[in-house]
Every structure is written in C-alpha cells, then in structure tokens.
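**Student:** Below is the file run27.txt, which contains compact mmCIF, C-alpha atoms.
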```
# COMPACT_ATOMS: atom_id res chain seq x y z
CA MET A 219 116.69 82.72 76.30
CA THR A 220 118.25 80.92 79.26
CA ILE A 221 116.27 79.64 82.24
CA LEU A 222 117.62 82.47 84.39
CA GLN A 223 116.46 85.17 81.96
CA PHE A 224 113.13 83.39 81.48
CA SER A 225 112.58 83.15 85.26
CA LEU A 226 113.44 86.82 85.86
CA LEU A 227 111.20 88.05 83.03
CA LEU A 228 108.38 85.84 84.25
CA ALA A 229 108.79 87.05 87.83
CA ALA A 230 108.70 90.69 86.64
CA GLY A 231 105.58 90.10 84.53
CA SER A 232 103.87 88.26 87.38
CA PHE A 233 104.80 91.05 89.80
CA ALA A 234 103.11 93.60 87.51
CA ALA A 235 100.05 91.33 87.20
CA GLY A 236 99.80 90.92 90.98
CA LEU A 237 100.24 94.66 91.58
CA LEU A 238 97.61 95.68 89.01
CA GLY A 239 95.27 92.92 90.16
CA ALA A 240 95.41 94.11 93.77
CA LEU A 241 95.17 97.83 92.92
CA THR A 242 92.15 97.35 90.68
CA GLY A 243 90.46 94.62 92.73
CA LEU A 244 90.23 92.39 89.66
CA GLY A 245 92.83 89.91 90.90
CA GLY A 246 96.13 89.13 89.19
CA GLY A 247 95.14 85.56 88.38
CA VAL A 248 93.03 86.53 85.39
CA VAL A 249 96.03 87.82 83.43
CA ILE A 250 98.56 85.10 84.36
CA VAL A 251 97.25 82.53 81.87
CA PRO A 252 97.22 85.02 78.94
CA LEU A 253 100.66 86.29 80.02
CA LEU A 254 102.10 82.77 79.98
CA THR A 255 100.36 81.40 76.89
CA LEU A 256 100.38 84.49 74.66
CA GLY A 257 103.51 86.18 76.01
CA PHE A 258 105.79 83.23 76.77
CA GLY A 259 104.38 80.49 74.56
CA VAL A 260 103.72 78.20 77.53
CA ASP A 261 101.34 75.26 77.12
CA PHE A 262 97.84 76.05 78.43
CA ARG A 263 97.81 73.35 81.12
CA TYR A 264 101.16 74.38 82.59
CA ALA A 265 99.91 77.97 82.58
CA VAL A 266 96.72 77.05 84.44
CA GLY A 267 98.75 75.08 87.01
CA ALA A 268 101.02 78.06 87.72
CA SER A 269 98.04 80.42 87.81
CA LEU A 270 96.14 78.26 90.34
CA VAL A 271 99.11 78.32 92.68
CA SER A 272 99.34 82.12 92.52
CA VAL A 273 95.58 82.40 93.13
CA ILE A 274 95.97 80.41 96.37
CA ALA A 275 98.87 82.60 97.49
CA THR A 276 97.17 85.96 96.94
CA SER A 277 93.71 84.96 98.14
CA SER A 278 95.00 83.42 101.38
CA GLY A 279 97.00 86.57 102.09
CA ALA A 280 94.01 88.81 101.46
CA ALA A 281 91.57 86.54 103.29
CA ALA A 282 93.76 86.77 106.38
CA ALA A 283 93.23 90.53 106.42
CA TYR A 284 89.50 90.41 105.60
CA VAL A 285 88.53 87.71 108.08
CA ARG A 286 89.71 89.91 110.92
CA GLU A 287 87.55 92.85 109.85
CA GLY A 288 84.39 90.86 110.61
CA TYR A 289 82.70 90.93 107.21
CA THR A 290 83.28 87.31 106.23
CA ASN A 291 80.29 84.99 106.73
CA VAL A 292 82.03 81.71 107.59
CA ARG A 293 78.84 79.61 107.41
CA VAL A 294 77.89 80.86 103.96
CA GLY A 295 81.51 80.28 102.93
CA MET A 296 81.58 76.70 104.23
CA LEU A 297 78.23 75.80 102.64
CA LEU A 298 79.22 77.19 99.25
CA GLU A 299 82.65 75.56 99.44
CA VAL A 300 80.87 72.22 99.07
CA ALA A 301 79.69 73.41 95.64
CA THR A 302 82.93 75.09 94.58
CA THR A 303 85.11 72.14 95.67
CA ILE A 304 83.06 69.58 93.76
CA GLY A 305 83.02 71.93 90.78
CA ALA A 306 86.76 72.63 90.96
CA ILE A 307 87.72 68.95 91.02
CA GLY A 308 85.30 68.29 88.15
CA GLY A 309 86.77 71.21 86.21
CA ALA A 310 90.34 70.02 86.80
CA LEU A 311 89.46 66.52 85.58
CA LEU A 312 87.65 68.02 82.58
CA ALA A 313 90.73 70.12 81.70
CA GLY A 314 92.55 66.94 80.73
CA LEU A 315 89.82 65.97 78.25
CA VAL A 316 89.11 69.27 76.48
CA SER A 317 91.41 70.61 73.72
CA THR A 318 93.50 73.64 74.69
CA SER A 319 92.00 75.60 71.78
CA ALA A 320 88.53 75.16 73.25
CA LEU A 321 89.84 76.07 76.70
CA ALA A 322 91.38 79.26 75.28
CA ILE A 323 88.03 80.30 73.80
CA VAL A 324 86.16 79.63 77.07
CA PHE A 325 88.88 81.56 78.90
CA GLY A 326 88.49 84.54 76.58
CA VAL A 327 84.71 84.62 77.05
CA VAL A 328 84.97 84.41 80.87
CA LEU A 329 87.68 87.09 80.83
CA ALA A 330 85.54 89.46 78.76
CA TYR A 331 82.54 88.86 81.03
CA SER A 332 84.71 89.57 84.12
CA ALA A 333 85.93 92.87 82.68
CA TRP A 334 82.37 93.90 81.86
CA ALA A 335 80.91 92.76 85.20
CA SER A 336 83.62 94.52 87.18
CA SER A 337 82.83 97.85 85.55
CA ARG A 338 79.24 97.81 86.79
CA ALA A 339 78.13 99.27 90.10
CA ARG A 340 77.16 96.77 92.76
CA PRO A 341 74.38 98.26 94.86
CA ASP A 342 73.27 96.22 97.89
CA HIS A 343 69.86 94.56 97.46
CA LEU A 344 69.23 93.52 101.04
CA ALA A 345 66.15 91.35 101.53
CA PRO A 346 63.59 92.52 104.09
CA ALA A 347 62.48 89.07 105.32
CA PRO A 348 64.27 85.84 106.25
CA ASP A 349 64.27 82.82 103.93
CA ARG A 350 63.25 79.43 105.34
CA VAL A 351 66.24 77.46 104.04
CA ALA A 352 68.72 80.14 105.09
CA VAL A 353 67.25 80.20 108.60
CA ARG A 354 67.49 76.42 108.93
CA LEU A 355 71.14 76.56 107.87
CA ARG A 356 71.69 79.55 110.18
CA LEU A 357 73.19 81.62 107.40
CA ASP A 358 71.75 85.00 108.42
CA SER A 359 74.23 87.25 110.13
CA SER A 360 75.21 90.88 110.53
CA TYR A 361 78.09 93.06 109.43
CA PRO A 362 79.75 96.19 110.76
CA THR A 363 78.66 99.54 109.27
CA PRO A 364 79.50 103.07 110.43
CA GLU A 365 76.08 103.08 112.18
CA GLY A 366 76.78 99.81 114.01
CA GLU A 367 76.00 96.15 113.28
CA ARG A 368 73.45 95.64 110.54
CA ALA A 369 71.60 92.34 110.12
CA TYR A 370 70.95 90.77 106.70
CA HIS A 371 68.89 87.84 105.47
CA VAL A 372 70.35 85.37 102.99
CA GLN A 373 68.04 84.42 100.08
CA HIS A 374 67.83 81.78 97.28
CA VAL A 375 70.33 79.35 98.79
CA GLY A 376 69.76 76.73 96.04
CA ALA A 377 70.41 79.13 93.16
CA GLY A 378 73.51 80.48 94.85
CA PHE A 379 74.78 76.95 95.47
CA GLY A 380 74.29 75.97 91.82
CA LEU A 381 76.02 79.09 90.50
CA MET A 382 78.93 78.50 92.85
CA GLY A 383 79.29 75.00 91.39
CA VAL A 384 79.71 76.66 87.98
CA ALA A 385 82.26 79.07 89.46
CA GLY A 386 84.18 76.05 90.79
CA VAL A 387 84.20 74.31 87.39
CA LEU A 388 85.53 77.46 85.70
CA SER A 389 88.18 77.84 88.38
CA GLY A 390 89.41 74.25 87.91
CA LEU A 391 89.27 74.49 84.14
CA LEU A 392 90.90 77.90 83.72
CA GLY A 393 92.98 78.48 86.86
CA ILE A 394 91.18 81.66 87.90
CA GLY A 395 89.24 82.74 90.97
CA SER A 396 85.97 83.22 88.98
CA GLY A 397 85.15 86.34 90.98
CA ALA A 398 82.56 87.54 88.47
CA VAL A 399 80.43 84.38 88.71
CA LYS A 400 80.63 84.56 92.49
CA VAL A 401 79.27 88.10 92.43
CA LEU A 402 76.33 86.77 90.43
CA ALA A 403 75.74 84.00 92.98
CA MET A 404 76.32 85.91 96.19
CA ASP A 405 75.25 89.51 95.48
CA GLN A 406 72.43 88.92 93.08
CA ALA A 407 70.98 85.52 94.00
CA MET A 408 71.74 85.29 97.72
CA ARG A 409 71.49 89.05 98.34
CA LEU A 410 74.55 89.34 100.53
CA PRO A 411 75.80 92.88 101.20
CA PHE A 412 78.65 93.91 98.88
CA LYS A 413 81.38 93.81 101.53
CA VAL A 414 80.22 90.45 102.89
CA SER A 415 80.08 88.84 99.46
CA THR A 416 83.50 90.16 98.42
CA THR A 417 85.26 88.98 101.56
CA THR A 418 83.40 85.66 101.80
CA SER A 419 84.18 84.90 98.16
CA ASN A 420 87.85 85.68 98.81
CA PHE A 421 87.72 83.37 101.82
CA MET A 422 86.56 80.56 99.54
CA ILE A 423 88.88 81.12 96.57
CA GLY A 424 91.87 79.51 98.30
CA VAL A 425 89.95 76.33 99.09
CA THR A 426 88.46 76.16 95.60
CA ALA A 427 91.86 76.64 93.96
CA ALA A 428 93.48 74.13 96.35
CA ALA A 429 90.97 71.46 95.27
CA SER A 430 91.90 71.78 91.60
CA ALA A 431 95.59 72.45 92.33
CA GLY A 432 95.73 69.06 94.05
CA VAL A 433 94.45 67.39 90.88
CA TYR A 434 96.83 69.46 88.71
CA LEU A 435 99.81 68.57 90.89
CA ALA A 436 99.00 64.86 90.89
CA ARG A 437 98.59 64.90 87.10
CA GLY A 438 101.92 66.63 86.49
CA TYR A 439 100.46 69.97 85.31
CA ILE A 440 102.38 71.99 87.91
CA ASP A 441 105.99 72.58 86.88
CA PRO A 442 108.23 73.93 89.66
CA GLY A 443 110.47 75.95 87.33
CA LEU A 444 107.43 77.77 85.96
CA ALA A 445 105.33 78.05 89.13
CA MET A 446 108.22 79.43 91.23
CA PRO A 447 108.71 82.83 89.50
CA VAL A 448 104.95 83.18 88.92
CA MET A 449 103.95 82.51 92.52
CA LEU A 450 106.68 84.67 94.06
CA GLY A 451 106.10 87.49 91.56
CA VAL A 452 102.32 87.62 91.95
CA LEU A 453 102.54 87.36 95.73
CA ALA A 454 105.06 90.21 95.99
CA GLY A 455 103.05 92.37 93.57
CA ALA A 456 99.75 91.73 95.33
CA THR A 457 101.24 92.42 98.76
CA LEU A 458 102.64 95.75 97.59
CA GLY A 459 99.36 96.56 95.81
CA ALA A 460 97.33 95.96 98.97
CA ARG A 461 99.64 98.31 100.91
CA LEU A 462 99.37 101.06 98.27
CA LEU A 463 95.62 100.68 98.07
CA THR A 464 95.07 102.14 101.53
CA ARG A 465 96.53 105.42 100.22
CA MET A 466 95.05 105.69 96.73
CA HIS A 467 91.83 104.96 94.86
CA PRO A 468 92.91 104.16 91.34
CA LYS A 469 89.73 104.65 89.31
CA LYS A 470 91.51 105.39 86.04
CA LEU A 471 93.85 102.44 86.52
CA ARG A 472 90.81 100.22 86.95
CA THR A 473 89.35 101.31 83.63
CA LEU A 474 92.72 100.87 81.95
CA PHE A 475 93.14 97.37 83.38
CA ALA A 476 89.62 96.43 82.26
CA VAL A 477 90.54 97.51 78.71
CA VAL A 478 93.75 95.43 78.87
CA ILE A 479 91.71 92.43 80.01
CA LEU A 480 89.23 92.90 77.15
CA ALA A 481 92.11 92.99 74.65
CA LEU A 482 93.61 89.83 76.17
CA ALA A 483 90.19 88.17 76.01
CA ALA A 484 89.92 88.96 72.29
CA GLU A 485 93.40 87.61 71.67
CA MET A 486 92.70 84.39 73.61
CA ILE A 487 89.51 83.80 71.61
CA TYR A 488 91.30 84.54 68.33
CA ASN A 489 94.21 82.21 69.16
CA GLY A 490 91.83 79.50 70.30
CA ALA A 491 89.65 79.80 67.19
CA THR A 492 92.68 79.61 64.90
CA HIS A 493 94.16 76.70 66.91
CA ARG A 494 97.32 78.56 67.81
CA ILE A 495 96.84 77.62 71.47
CA MET B 20 83.68 97.25 118.29
CA ALA B 21 80.75 95.17 119.50
CA PRO B 22 81.22 91.39 119.47
CA ARG B 23 79.89 89.81 116.31
CA ILE B 24 76.91 87.55 116.37
CA GLY B 25 77.41 84.28 114.55
CA SER B 26 73.91 83.46 113.44
CA GLU B 27 70.66 85.34 113.96
CA PRO B 28 70.28 87.45 117.08
CA GLY B 29 69.71 85.23 120.10
CA GLY B 30 71.86 82.49 118.60
CA GLY B 31 71.04 78.88 117.85
CA PRO B 32 70.57 76.05 120.31
CA ALA B 33 74.29 75.81 121.08
CA ALA B 34 74.89 79.51 121.63
CA GLY B 35 76.13 79.14 125.20
CA ARG B 36 78.95 76.73 124.40
CA ARG B 37 80.22 78.55 121.37
CA TRP B 38 83.63 80.02 120.80
CA SER B 39 83.09 83.57 119.81
CA ASP B 40 83.23 83.74 116.04
CA ARG B 41 85.63 86.63 116.52
CA ASP B 42 88.25 84.42 118.20
CA VAL B 43 87.95 81.85 115.44
CA GLU B 44 88.40 84.54 112.80
CA GLN B 45 91.53 85.92 114.47
CA LEU B 46 93.12 82.49 114.61
CA LEU B 47 92.11 81.75 111.02
CA GLY B 48 93.74 84.94 109.84
CA ARG B 49 97.00 84.06 111.58
CA LEU B 50 96.96 80.50 110.18
CA LEU B 51 96.52 81.74 106.59
CA ARG B 52 99.25 84.36 106.86
CA THR B 53 101.77 81.96 108.39
CA GLY B 54 101.04 79.25 105.84
CA VAL B 55 101.59 81.57 102.88
CA ALA B 56 104.77 83.06 104.38
CA VAL B 57 106.34 79.65 105.10
CA ALA B 58 105.37 78.33 101.66
CA ALA B 59 106.84 81.38 99.91
CA ALA B 60 110.10 81.03 101.87
CA VAL B 61 110.46 77.35 100.87
CA VAL B 62 109.65 78.14 97.22
CA LEU B 63 112.21 80.96 97.27
CA ALA B 64 114.91 78.70 98.77
CA GLY B 65 114.12 76.00 96.21
CA GLY B 66 114.20 78.62 93.46
CA VAL B 67 117.69 79.72 94.44
CA VAL B 68 118.97 76.12 94.44
CA TYR B 69 117.21 75.44 91.12
CA LEU B 70 118.57 78.55 89.38
CA LEU B 71 122.11 77.95 90.67
CA GLY B 72 122.03 74.52 89.04
CA HIS B 73 119.99 75.20 85.88
CA HIS B 74 120.36 78.90 85.06
CA ALA B 75 122.07 78.32 81.70
CA GLY B 76 119.59 75.71 80.44
CA ARG B 77 116.79 76.38 77.96
CA PRO B 78 113.16 76.54 79.12
CA SER B 79 110.79 74.28 77.20
CA TYR B 80 107.18 74.77 78.19
CA GLY B 81 105.70 75.05 74.71
CA THR B 82 104.68 71.42 74.56
CA PHE B 83 103.09 69.62 77.44
CA ALA B 84 105.10 66.67 78.71
CA GLY B 85 103.87 66.31 82.30
CA GLU B 86 106.05 66.06 85.38
CA PRO B 87 107.92 62.94 86.54
CA GLU B 88 106.40 60.86 89.33
CA ASP B 89 108.78 62.22 91.99
CA LEU B 90 107.39 65.75 91.45
CA THR B 91 103.72 64.79 91.52
CA ARG B 92 103.39 62.60 94.61
CA VAL B 93 103.73 63.80 98.19
CA GLY B 94 106.24 61.05 99.08
CA GLY B 95 108.48 61.69 96.07
CA ILE B 96 108.46 65.45 96.64
CA VAL B 97 109.43 65.10 100.30
CA ARG B 98 112.27 62.66 99.46
CA GLY B 99 113.55 64.95 96.70
CA ALA B 100 113.45 67.97 98.99
CA GLY B 101 115.44 65.94 101.54
CA ARG B 102 118.17 65.54 98.92
CA MET B 103 118.04 69.36 98.48
CA SER B 104 116.85 69.09 94.89
CA GLY B 105 115.78 72.62 93.82
CA ARG B 106 112.77 71.48 91.82
CA ALA B 107 111.55 69.21 94.62
CA LEU B 108 112.01 72.01 97.20
CA ILE B 109 109.88 74.36 95.09
CA GLN B 110 107.27 71.63 94.78
CA LEU B 111 107.36 71.15 98.58
CA GLY B 112 106.71 74.88 99.02
CA LEU B 113 103.77 74.63 96.61
CA LEU B 114 102.45 71.64 98.56
CA LEU B 115 102.63 73.71 101.75
CA LEU B 116 100.78 76.50 99.95
CA ILE B 117 98.03 74.12 98.79
CA ALA B 118 97.90 72.68 102.31
CA THR B 119 97.22 76.13 103.83
CA PRO B 120 93.55 76.41 102.77
CA VAL B 121 93.18 72.68 103.53
CA ALA B 122 94.39 73.34 107.08
CA ARG B 123 91.96 76.25 107.22
CA VAL B 124 89.10 73.84 106.47
CA GLY B 125 90.42 71.45 109.14
CA PHE B 126 90.40 74.34 111.57
CA SER B 127 86.81 75.24 110.65
CA LEU B 128 85.87 71.60 111.20
CA ALA B 129 87.33 71.70 114.72
CA ALA B 130 85.45 74.93 115.43
CA PHE B 131 82.12 73.49 114.27
CA LEU B 132 82.77 70.30 116.26
CA ARG B 133 83.29 72.35 119.39
CA GLU B 134 80.07 74.19 118.72
CA ARG B 135 78.35 70.81 118.16
CA ASP B 136 76.95 72.26 114.98
CA TRP B 137 76.38 68.87 113.31
CA PRO B 138 75.11 69.97 109.89
CA TYR B 139 78.22 72.09 109.44
CA VAL B 140 80.50 69.39 110.85
CA LEU B 141 79.17 67.15 108.07
CA LEU B 142 79.57 69.77 105.31
CA THR B 143 83.07 70.78 106.43
CA GLY B 144 84.16 67.15 106.83
CA PHE B 145 82.98 66.40 103.31
CA VAL B 146 84.96 69.33 101.85
CA LEU B 147 88.06 68.32 103.84
CA ALA B 148 87.83 64.73 102.59
CA LEU B 149 87.55 65.89 98.96
CA LEU B 150 90.56 68.19 99.36
CA LEU B 151 92.71 65.47 100.90
CA LEU B 152 91.72 62.95 98.23
CA SER B 153 92.59 65.39 95.44
CA LEU B 154 95.96 66.11 97.07
CA ILE B 155 97.01 62.47 97.28
CA GLY B 156 95.94 61.96 93.69
CA GLN B 157 92.99 59.68 94.39
CA VAL B 158 90.39 61.64 92.46
```
Taking this structure as input, can you express it in the form of structure tokens?
**Tutor:**
Amino acid sequence: MTILQFSLLLAAGSFAAGLLGALTGLGGGVVIVPLLTLGFGVDFRYAVGASLVSVIATSSGAAAAYVREGYTNVRVGMLLEVATTIGAIGGALLAGLVSTSALAIVFGVVLAYSAWASSRARPDHLAPAPDRVAVRLRLDSSYPTPEGERAYHVQHVGAGFGLMGVAGVLSGLLGIGSGAVKVLAMDQAMRLPFKVSTTTSNFMIGVTAAASAGVYLARGYIDPGLAMPVMLGVLAGATLGARLLTRMHPKKLRTLFAVVILALAAEMIYNGATHRI
Amino acid sequence: MAPRIGSEPGGGPAAGRRWSDRDVEQLLGRLLRTGVAVAAAVVLAGGVVYLLGHHAGRPSYGTFAGEPEDLTRVGGIVRGAGRMSGRALIQLGLLLLIATPVARVGFSLAAFLRERDWPYVLLTGFVLALLLLSLIGQV
C-alpha cells in the first residue's frame, strides 16, 4: 500500500467514524483508536495522538453551536476543567510508561462501559435545594425550557471534581473524550440537567484533549502523515452528521453503533491480553 | 428569548459591571468555529504538499519511532512550515487546532477579569498556565 492509498483509506474510514459518531451522539473519537490499531496496524501511541487531534476538532465545532443555545454552564465548565486538565496531563505522561497491551485492555473496558452507559435513559434528577459549596462558587444557574428559564442547583461539587479528574486521566491515556465518565460526574453526582451536562461536557472536551495533545506533540506521538487524514476525515464526517441530525432521529443506528463499539471493545481486550497490541 | 442569568437570580456582588454571559457565549462560539476552520485549511494545504511529495512511499506506523525534533517543538514546526514542508505545515495546522481551546480559556480569563470574579480568574489562569506549559513541552 502506498502512502496515497493509505491516506485515502484512512480519510474514508475516519469520515465514516465522524459521521456515525455525530449521528448517534457517541462521538467518533471512540472508534478512531480501534480503527487505526486493529484495522491499519498502527502503533497505539500514534493512534491516540491522531485520535486526540480529531477529538479537539469535532468538540470545538460542536461546542461553538451549543454555547450559543444557552445551555452551557461556563462556571461549572471552568471549575471542572481544572480537574480534567491536571488529569489529562497526568494521563498523557502515564501513557509513556504503561505497555500498549495494558492500554488496549483499559481502552476495551472503557469502550464497553461507554456503549452500555449510552444505551441507558438519562432522566434529570434536579435537586430541590442549593448546596453550600456550589453557592459559594456561584455554580447555580438556569437553562431554557419550552416553559421559560428554569433554575437548577448544583450538588456534590467535590465528587464531581474527583470524577472529572478520572475522566481527564482516561482522555490523556486513551485519546477519547470520556463522555461516559462525565455523565457520571455531571448528571449523577452534580445533578445537572441533561442538556446542561451534555453541552458543558462538550465545552470542556476540547480543553481536556488540548492539554494531553500538547504533551503528545512534544513527545513525538503526533505524526502529521497519520493525523492529517484522520483529522480532516472525522471533521468532515462529524460536520455532515450534525447537519443530517436536525432532520432525522436515528434510533436504530444508535443501537447498531453501540453493538459495533461492544465488538471493538472485545477485540481490543483480546488483542491486549494476547499482546498483539 | 429572555437574557440568561449567569449565577443565581439577583447575581453576585459584581452583577452591575458584568458583560452579559450571552455576549461572551456568542464571541466564544465564533472563536471556536474560526479556529477549527483555519486549522483544517492549513492541515489540508499541508496534506496536499505532503502527498504530492510522498504519495508513492510506504507508510510505516506499526512500530513507534517518535517524531524528529523539528516536528515536536513550536519553533521547529514554524520554521519547517516557512520552508513549505508538507509535514511541518500539517503540524502547524494541528498546533493551531490545539491552540483553539487554549485561546478559548484565555478568552474566559479575560471575561472573568472584567467581571472581577477573582476565584474564577485564579482557576482559569491556572488552567491556562498548565495548557501553555504542556504545549511548549515543559511538563
């Protein structure tokens, strides 16, 4: 295979990943590392570097749209970015010390958990009363609903902060957005409304990924020939997916994609356990 | 739509001096979009140059070798891009992409400074410092 063929194939695969990721809301980043390592035989660290770059591209594009709708809680985002940034840099440094086989197994487990978590309903558990820490940090806010602005009270700031640190480590280690862990932190611990937590987490993903991408770039884990087709492909796919999404609600596609992710998770764990990665 | 309230109803001590959060959000959205678009254009241009020069070569990503110094440091990347090296141009585009969320944090810092919201100035400044240190390879 020549570099031209390799680049075109990679761009096409990344386009499909970005499109499916946007249509299903699961993000294309989660399948880039399996696509590169299992499909193209790329070294795990190069794959994570390329994946991180595509995560920044798609999340910044989406965040631009969300921020304007008025759901994003910028204060909650900024506070939690302290945790995710420290975690992401720690994770990126750790990636150089852990064997790629072990990384592949961790990746598979996180992937399987993401597929499972994304299939569950996310009802809002809004808290009735304000929390002392959240009030001091002025985190409480309101969000637009069809019946007008609705106020919400942020809870358990410490637990949310700790969980977001874990999300940051996973992001730096595996090159993903760690959306599933963020749901745990923001929906379940901090009791943010669904829309607010989704958009605020998207707002943070770019910064989290940038923190570890900086470390990856400086350590030579980001190869331009590899990152170029991946970043352009995912970005184009995700942009098209976001456009299509306003016209369709792909429930079946979502289930299908979750099954694909589960299969990839199993293959990553198998390859890691048998030291093929 | 009604203007959004930044903190709890009634606002904090600095409510009167504040930019509306809405304005900040609009500007943030524009900043993110522009950053990604410019970065993608530079990566695409670098990709064309790279493929014109290397299309017939063989890819070798199976074993990790790391990148040379002039593709991992800001100075080296900028110099290489100046010589119109395809790989360095792509890397410059990726640097711009990484810089987009960093600029977003810088923008948030300016907004919190204007609001004189000191706890958040401190938090945002800390995040910005970490991001810049990781980018120049000092972590």
**Student:** Which neighbours of region 332-349 of chain A fall inside 7 Å, counting only C-alpha atoms, when residues of the same chain fewer than 6 positions from it are skipped, and could you give them as a count of residues only?
**Tutor:** 12
**Student:** Could you state the separation of CA of Val448 (chain A) and CA of Gly247 (chain A) in Å, given to one decimal place?
**Tutor:**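 These atoms are spaced 10.1 Å apart.
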**Student:** Residues of chain B within 6 Å of chain A, counting all atoms listed in the file, what are they? List them as a PyMOL selection string.
**Tutor:** chain B and resi 26-27+44-45+48+51-52+74-78+80-83+85-86+91+106+109-110+117+120+146+150+153-154+156
**Student:** Using all atoms listed in the file, can you tell me which of A:Met408, A:Leu392, A:Leu381, A:Leu462 comes closest to Ser269 (chain A)?
**Tutor:**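 Going through A:Met408, A:Leu392, A:Leu381, A:Leu462 one by one, the smallest distance to Ser269 (chain A) is for A:Leu392.
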**Student:** Please list as a PyMOL selection string every residue within 7 Å of region 317-326 of chain A, counting all atoms listed in the file and excluding residues in the same chain fewer than 3 positions away.
**Tutor:** chain A and resi 262+329-330+392+483-484+486-487+490-491+493+495
**Student:** Give, as lines of an AutoDock Vina configuration file, the centre coordinates and the x, y and z edge lengths in Å to one decimal for an axis-aligned box around all listed atoms of region 129-135 of chain B, padded by 6 Å on each side.
**Tutor:**
```
center_x = 82.8
center_y = 72.6
center_z = 116.8
size_x = 21.0
size_y = 16.6
size_z = 17.1
```
**Student:** Could you work out how far CA of Ala58 (chain B) lies from CA of Leu115 (chain B), giving the answer in Å with one decimal?
**Tutor:** 5.4 Å
**Student:** For a test of reading the model, state the distance in Å between CA of Leu238 (chain A) and CA of Tyr331 (chain A), rounded to one decimal.
**Tutor:**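 Interatomic distance here is 18.4 Å.
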**Student:** Return the single residue from A:Thr416, A:Gly305, A:Val316, A:Leu463 that is closest to Gly380 (chain A), with distances computed using all atoms listed in the file.
**Tutor:**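 For Gly380 (chain A), the nearest of the candidates is A:Gly305.
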